[in-house]
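One file, data21.cif, is given below (mmCIF, C-alpha atoms).
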data_model
#
loop_
_atom_site.group_PDB
_atom_site.id
_atom_site.type_symbol
_atom_site.label_atom_id
_atom_site.label_comp_id
_atom_site.auth_asym_id
_atom_site.auth_seq_id
_atom_site.Cartn_x
_atom_site.Cartn_y
_atom_site.Cartn_z
ATOM 1 C CA MET A 1 138.654 -51.878 38.370
ATOM 2 C CA GLY A 2 136.731 -48.917 39.685
ATOM 3 C CA ASN A 3 137.141 -45.292 40.479
ATOM 4 C CA ALA A 4 138.179 -45.708 44.148
ATOM 5 C CA PHE A 5 141.025 -48.078 43.292
ATOM 6 C CA ASP A 6 142.193 -45.851 40.425
ATOM 7 C CA GLU A 7 142.249 -42.823 42.748
ATOM 8 C CA LEU A 8 144.299 -44.740 45.306
ATOM 9 C CA MET A 9 146.748 -45.808 42.610
ATOM 10 C CA SER A 10 147.134 -42.174 41.507
ATOM 11 C CA VAL A 11 148.191 -41.321 45.085
ATOM 12 C CA ARG A 12 150.788 -44.092 44.817
ATOM 13 C CA GLY A 13 152.245 -42.219 41.843
ATOM 14 C CA GLN A 14 153.866 -45.214 40.156
ATOM 15 C CA GLY A 15 151.470 -45.992 37.339
ATOM 16 C CA THR A 16 149.435 -49.151 36.923
ATOM 17 C CA PRO A 17 150.723 -52.143 38.883
ATOM 18 C CA ALA A 18 152.028 -55.035 36.782
ATOM 19 C CA GLU A 19 150.269 -57.809 38.700
ATOM 20 C CA ALA A 20 146.756 -59.075 38.038
ATOM 21 C CA ILE A 21 144.284 -57.468 40.428
ATOM 22 C CA GLU A 22 140.768 -58.836 40.790
ATOM 23 C CA ILE A 23 138.121 -57.037 42.838
ATOM 24 C CA SER A 24 134.920 -59.083 42.824
ATOM 25 C CA GLY A 25 131.435 -58.449 44.147
ATOM 26 C CA ARG A 26 129.192 -55.406 44.044
ATOM 27 C CA ASP A 27 127.267 -53.302 46.473
ATOM 28 C CA PRO A 28 124.797 -53.177 48.068
ATOM 29 C CA ILE A 29 126.277 -55.603 50.590
ATOM 30 C CA LEU A 30 125.474 -53.658 53.743
ATOM 31 C CA SER A 31 122.227 -51.810 54.332
ATOM 32 C CA THR A 32 123.471 -48.350 53.347
ATOM 33 C CA ARG A 33 123.442 -46.090 50.318
ATOM 34 C CA PHE A 34 127.247 -45.929 50.418
ATOM 35 C CA LYS A 35 129.359 -48.388 48.443
ATOM 36 C CA LEU A 36 131.193 -49.679 51.500
ATOM 37 C CA GLY A 37 131.952 -53.146 50.153
ATOM 38 C CA GLU A 38 133.366 -51.966 46.836
ATOM 39 C CA THR A 39 135.256 -49.051 48.385
ATOM 40 C CA GLY A 40 136.608 -51.245 51.177
ATOM 41 C CA ALA A 41 137.736 -53.788 48.579
ATOM 42 C CA ALA A 42 139.495 -51.020 46.627
ATOM 43 C CA VAL A 43 141.338 -49.976 49.789
ATOM 44 C CA MET A 44 142.326 -53.576 50.548
ATOM 45 C CA ALA A 45 143.551 -54.050 46.975
ATOM 46 C CA ALA A 46 145.590 -50.839 47.276
ATOM 47 C CA ILE A 47 147.112 -52.164 50.505
ATOM 48 C CA GLY A 48 147.939 -55.355 48.614
ATOM 49 C CA VAL A 49 149.698 -53.301 45.930
ATOM 50 C CA ALA A 50 151.701 -51.485 48.632
ATOM 51 C CA VAL A 51 152.702 -54.824 50.163
ATOM 52 C CA ASN A 52 153.635 -56.040 46.679
ATOM 53 C CA ASP A 53 155.828 -52.957 46.232
ATOM 54 C CA LEU A 54 157.715 -53.903 49.407
ATOM 55 C CA TRP A 55 157.858 -57.573 48.395
ATOM 56 C CA GLU A 56 159.268 -56.613 44.999
ATOM 57 C CA MET A 57 161.986 -54.503 46.630
ATOM 58 C CA ARG A 58 162.975 -57.500 48.724
ATOM 59 C CA THR A 59 162.608 -60.350 46.220
ATOM 60 C CA GLY A 60 162.190 -58.829 42.765
ATOM 61 C CA LYS A 61 158.818 -60.595 42.440
ATOM 62 C CA ARG A 62 155.161 -59.561 42.622
ATOM 63 C CA GLN A 63 152.028 -61.572 43.401
ATOM 64 C CA ASP A 64 148.549 -61.461 41.888
ATOM 65 C CA LEU A 65 145.839 -60.001 44.122
ATOM 66 C CA SER A 66 142.155 -60.739 44.619
ATOM 67 C CA VAL A 67 139.704 -59.125 47.018
ATOM 68 C CA LYS A 68 136.002 -59.819 47.509
ATOM 69 C CA ALA A 69 133.780 -56.849 48.292
ATOM 70 C CA SER A 70 131.761 -58.996 50.721
ATOM 71 C CA HIS A 71 134.915 -59.784 52.715
ATOM 72 C CA ALA A 72 135.878 -56.113 52.780
ATOM 73 C CA ALA A 73 132.401 -55.220 54.063
ATOM 74 C CA ALA A 74 132.704 -57.835 56.814
ATOM 75 C CA ALA A 75 136.067 -56.362 57.826
ATOM 76 C CA LEU A 76 134.426 -52.956 58.253
ATOM 77 C CA ARG A 77 132.084 -54.531 60.803
ATOM 78 C CA SER A 78 134.685 -56.667 62.551
ATOM 79 C CA TYR A 79 133.825 -55.151 65.942
ATOM 80 C CA ASN A 80 130.504 -57.001 65.723
ATOM 81 C CA TYR A 81 132.336 -60.314 65.643
ATOM 82 C CA MET A 82 134.913 -59.575 68.341
ATOM 83 C CA ARG A 83 135.070 -61.763 71.414
ATOM 84 C CA VAL A 84 137.618 -61.618 74.202
ATOM 85 C CA GLU A 85 138.226 -64.987 75.823
ATOM 86 C CA GLY A 86 136.728 -65.094 79.297
ATOM 87 C CA ASP A 87 134.544 -62.021 78.711
ATOM 88 C CA GLU A 88 131.348 -63.372 77.204
ATOM 89 C CA ASP A 89 129.531 -60.088 77.887
ATOM 90 C CA GLN A 90 131.679 -58.217 75.398
ATOM 91 C CA ARG A 91 130.163 -59.862 72.348
ATOM 92 C CA GLY A 92 126.624 -59.134 73.481
ATOM 93 C CA PHE A 93 127.598 -55.562 74.273
ATOM 94 C CA ALA A 94 129.105 -55.073 70.802
ATOM 95 C CA ALA A 95 126.085 -56.552 69.085
ATOM 96 C CA GLN A 96 123.541 -54.196 70.608
ATOM 97 C CA LEU A 97 121.756 -52.109 68.013
ATOM 98 C CA GLY A 98 121.710 -49.182 70.435
ATOM 99 C CA ARG A 99 125.491 -49.107 70.351
ATOM 100 C CA GLN A 100 125.437 -48.326 66.648
ATOM 101 C CA ARG A 101 122.870 -45.588 67.096
ATOM 102 C CA ILE A 102 124.823 -44.017 69.952
ATOM 103 C CA SER A 103 128.104 -44.003 67.995
ATOM 104 C CA THR A 104 126.870 -41.362 65.570
ATOM 105 C CA PRO A 105 127.087 -37.548 65.721
ATOM 106 C CA HIS A 106 124.680 -35.937 68.198
ATOM 107 C CA PRO A 107 123.969 -32.242 68.905
ATOM 108 C CA THR A 108 125.538 -30.500 71.883
ATOM 109 C CA ARG A 109 124.467 -27.489 73.926
ATOM 110 C CA ASP A 110 126.405 -25.032 71.731
ATOM 111 C CA GLY A 111 124.747 -26.203 68.490
ATOM 112 C CA ARG A 112 127.761 -28.267 67.409
ATOM 113 C CA PHE A 113 127.843 -32.031 66.964
ATOM 114 C CA PHE A 114 129.853 -34.604 68.885
ATOM 115 C CA LEU A 115 130.670 -38.188 67.852
ATOM 116 C CA PRO A 116 131.200 -40.516 70.847
ATOM 117 C CA HIS A 117 133.033 -43.771 70.085
ATOM 118 C CA MET A 118 130.987 -46.346 71.988
ATOM 119 C CA ARG A 119 131.912 -49.374 69.869
ATOM 120 C CA LEU A 120 134.302 -50.895 72.426
ATOM 121 C CA PRO A 121 133.119 -51.610 75.969
ATOM 122 C CA HIS A 122 136.019 -49.978 77.810
ATOM 123 C CA LEU A 123 135.657 -46.770 75.769
ATOM 124 C CA ALA A 124 131.882 -46.727 76.234
ATOM 125 C CA GLU A 125 132.259 -47.137 79.994
ATOM 126 C CA ARG A 126 134.669 -44.194 80.205
ATOM 127 C CA ILE A 127 132.416 -41.967 78.106
ATOM 128 C CA LEU A 128 129.376 -42.899 80.176
ATOM 129 C CA ARG A 129 131.292 -41.911 83.331
ATOM 130 C CA VAL A 130 132.135 -38.510 81.813
ATOM 131 C CA LEU A 131 128.551 -37.998 80.675
ATOM 132 C CA ASP A 132 127.125 -39.436 83.912
ATOM 133 C CA CYS A 133 124.390 -41.295 82.058
ATOM 134 C CA GLU A 134 123.134 -44.743 81.098
ATOM 135 C CA PHE A 135 124.016 -46.701 77.980
ATOM 136 C CA GLU A 136 120.745 -45.844 76.268
ATOM 137 C CA LEU A 137 120.284 -43.610 73.248
ATOM 138 C CA GLU A 138 118.034 -41.009 74.888
ATOM 139 C CA SER A 139 120.148 -40.903 78.047
ATOM 140 C CA VAL A 140 123.312 -40.247 76.009
ATOM 141 C CA ARG A 141 121.583 -37.644 73.819
ATOM 142 C CA SER A 142 120.277 -35.822 76.880
ATOM 143 C CA ALA A 143 123.710 -35.872 78.542
ATOM 144 C CA LEU A 144 125.432 -34.580 75.386
ATOM 145 C CA MET A 145 123.071 -31.585 75.339
ATOM 146 C CA LYS A 146 124.545 -30.506 78.699
ATOM 147 C CA TRP A 147 128.002 -30.000 77.168
ATOM 148 C CA ASP A 148 129.697 -27.645 74.733
ATOM 149 C CA ALA A 149 131.346 -29.847 72.096
ATOM 150 C CA LEU A 150 134.950 -28.698 72.603
ATOM 151 C CA ASP A 151 134.729 -28.979 76.399
ATOM 152 C CA LEU A 152 133.360 -32.493 75.993
ATOM 153 C CA GLU A 153 136.120 -33.425 73.544
ATOM 154 C CA ASN A 154 138.701 -32.345 76.113
ATOM 155 C CA ALA A 155 136.944 -34.199 78.954
ATOM 156 C CA ILE A 156 136.689 -37.377 76.864
ATOM 157 C CA ALA A 157 140.399 -37.171 75.996
ATOM 158 C CA GLU A 158 141.257 -36.617 79.671
ATOM 159 C CA ALA A 159 139.281 -39.784 80.500
ATOM 160 C CA ARG A 160 141.363 -41.682 77.910
ATOM 161 C CA ALA A 161 138.245 -42.433 75.900
ATOM 162 C CA CYS A 162 137.461 -41.652 72.285
ATOM 163 C CA GLY A 163 135.153 -39.074 70.746
ATOM 164 C CA ALA A 164 135.393 -35.841 68.815
ATOM 165 C CA MET A 165 133.646 -32.631 67.976
ATOM 166 C CA VAL A 166 132.574 -32.575 64.334
ATOM 167 C CA ARG A 167 134.599 -29.964 62.443
ATOM 168 C CA SER A 168 134.378 -28.391 59.014
ATOM 169 C CA ALA A 169 137.327 -28.948 56.666
ATOM 170 C CA ASP A 170 138.636 -25.445 57.462
ATOM 171 C CA GLU A 171 138.310 -26.024 61.214
ATOM 172 C CA TRP A 172 140.141 -29.317 60.904
ATOM 173 C CA LEU A 173 142.998 -27.735 58.950
ATOM 174 C CA ALA A 174 143.288 -25.024 61.635
ATOM 175 C CA HIS A 175 143.456 -27.638 64.435
ATOM 176 C CA PRO A 176 146.980 -28.748 65.514
ATOM 177 C CA HIS A 177 146.259 -32.361 64.552
ATOM 178 C CA GLY A 178 144.933 -31.306 61.148
ATOM 179 C CA GLN A 179 148.015 -29.150 60.586
ATOM 180 C CA ALA A 180 150.337 -31.996 61.555
ATOM 181 C CA LEU A 181 148.608 -34.397 59.170
ATOM 182 C CA ALA A 182 148.410 -31.832 56.348
ATOM 183 C CA ALA A 183 152.199 -31.583 56.446
ATOM 184 C CA LYS A 184 152.559 -35.322 55.792
ATOM 185 C CA PRO A 185 152.087 -37.233 52.534
ATOM 186 C CA VAL A 186 148.837 -39.163 52.113
ATOM 187 C CA VAL A 187 150.825 -42.391 52.317
ATOM 188 C CA GLU A 188 154.069 -42.544 54.270
#
Could you quickly redo this structure as structure tokens?
Amino acid sequence: MGNAFDELMSVRGQGTPAEAIEISGRDPILSTRFKLGETGAAVMAAIGVAVNDLWEMRTGKRQDLSVKASHAAAALRSYNYMRVEGDEDQRGFAAQLGRQRISTPHPTRDGRFFLPHMRLPHLAERILRVLDCEFELESVRSALMKWDALDLENAIAEARACGAMVRSADEWLAHPHGQALAAKPVVE
């Protein structure tokens, strides 16, 4: 079935599921060195197993599962296919290649990195207001270099937008959100 699915089942802690599980298709599906299709399919299959666990508690029955890696890869890019009725601009905005390049980590004034979430128009607009720049890669990069990463993270949160300073594992575990999540099981 694959290493990713097996790891997810070990987190479940209940052994191998009884139902038939088929994960079909192989990477590369998307233009990346990462196995996004196969890994996404493993996650979707694991979600299916979790749903089956609940279904079995309710009915005593389980269902067979099948997931295609190509469908999982498409789900990871669903924002590219989103359209809000009456807002034809939104689809064009989401499809811009620049949007993908902007929504990656960029350096800040203090030598840290910041990841702005520009994938949704309303979030991008709020971030652009905070940064006081245009929706162009070089404009955003230049504006980010005027900020310290933590100050920007706080300003973005205050604007009800989405973005974060990149942290090491130790920094994340020291952060209040990291501590709160570390105290919870992987799957609740």
Checklist entry - Can you tell me how far CA of Asn52 (chain A) sits from CA of Leu65 (chain A), in Å to one decimal? => result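 CA of Leu65 (chain A) lies 9.1 Å from CA of Asn52 (chain A).
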Checklist entry - For this file, the PyMOL selection byres ((chain A and resi 43) around 10) selects which residues, as number ranges by chain? => result A: 4-5, 8-9, 37-42, 44-49, 67, 72
Next on the checklist: Here is a test: counting all atoms listed in the file, which residue of A:Gln179, A:Thr108, A:Ser70, A:Ser142 is nearest to Ile29 (chain A)?
Outcome noted: A:Ser70
Item to check | Of the listed residues A:Gly163, A:Arg119, A:Leu181, A:Arg129, that which approaches Ser78 (chain A) most closely, counting all atoms listed in the file | outcome: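 Of A:Gly163, A:Arg119, A:Leu181, A:Arg129, the one nearest Ser78 (chain A), counting all atoms listed in the file, is A:Arg119.
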Next on the checklist: Report, in Å to a single decimal, how far apart CA of Asp64 (chain A) and CA of Glu22 (chain A) are.
Outcome noted: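 Computed distance, CA of Glu22 (chain A) to CA of Asp64 (chain A), equals 8.3 Å.
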All file atoms of region 54-59 of chain A boxed axis-aligned, 4 Å per side, centre plus edges, as AutoDock Vina command-line options:
--center_x 160.3 --center_y -57.1 --center_z 47.2 --size_x 13.3 --size_y 14.4 --size_z 12.4
Next on the checklist: As an exercise, work out the distance from CA of Leu128 (chain A) to CA of Arg109 (chain A) in Å and give it to one decimal place.
Outcome noted: 17.3 Å
Env of region 100-105 of chain A: 8 Å cut, atoms = all atoms listed in the file, seq-sep filter 2 positions within chain, self excluded. Answer as a compact mmCIF listing (two decimals) with C-alpha atoms, in the coordinates of the input.
# COMPACT_ATOMS: atom_id res chain seq x y z
CA GLN A 96 123.54 -54.20 70.61
CA LEU A 97 121.76 -52.11 68.01
CA GLY A 98 121.71 -49.18 70.44
CA PRO A 107 123.97 -32.24 68.90
CA PHE A 113 127.84 -32.03 66.96
CA PHE A 114 129.85 -34.60 68.89
CA LEU A 115 130.67 -38.19 67.85
CA PRO A 116 131.20 -40.52 70.85
CA HIS A 117 133.03 -43.77 70.08
CA MET A 118 130.99 -46.35 71.99
CA ARG A 119 131.91 -49.37 69.87
CA GLU A 136 120.74 -45.84 76.27
CA LEU A 137 120.28 -43.61 73.25
CA VAL A 140 123.31 -40.25 76.01
CA VAL A 166 132.57 -32.58 64.33
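Candidate residues A:Gly25, A:Gly60, A:Gly15, A:Gly111 were compared for distance to Ala149 (chain A), and the nearest is A:Gly111, using only C-alpha atoms.
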Checklist entry - So which residues touch Ala161 (chain A) within 10 Å, counting only C-alpha atoms, skipping near sequence neighbours fewer than 4 positions away, as a ChimeraX atom specification? => result /A:116-118,120,122-128,130,153,155-157
Next on the checklist: Need to verify the contact set: Ala143 (chain A), 7 Å, all atoms listed in the file, exclusion of same-chain residues closer than 4 positions in sequence. Can you return it as a list in words?
Outcome noted: Leu131, Cys133 and Ser139 of chain A
Same residues, C-alpha atoms, output as a compact mmCIF listing (two decimals), in the coordinates of the input:
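Contents of result_34.txt, as written:
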# COMPACT_ATOMS: atom_id res chain seq x y z
CA LEU A 131 128.55 -38.00 80.68
CA CYS A 133 124.39 -41.30 82.06
CA SER A 139 120.15 -40.90 78.05
Checklist entry - Taking all atoms listed in the file into account, which of A:Arg112, A:Arg12, A:Arg58, A:Arg33 comes nearest Trp147 (chain A)? => result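 Of A:Arg112, A:Arg12, A:Arg58, A:Arg33, the one nearest Trp147 (chain A) is A:Arg112, counting all atoms listed in the file.
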Next on the checklist: Quick check on the file I pasted: which residues fall under the PyMOL selection byres ((chain A and resi 18) around 10)? Write them as a list in words.
Outcome noted: Gly15, Thr16, Pro17, Glu19, Ala20, Ile21, Val49, Arg62, Gln63 and Asp64 of chain A
Next on the checklist: Please determine, counting all atoms listed in the file, which residue among A:Phe34, A:Ser66, A:Gln14, A:Ala164 has the shortest atom-to-atom distance to Leu150 (chain A).
Outcome noted: A:Ala164
Checklist entry - Nearest to Ser24 (chain A) among A:Ala50, A:Lys68, A:Lys61, A:Leu36, with distances taken over all atoms listed in the file: which residue is it? => result A:Lys68
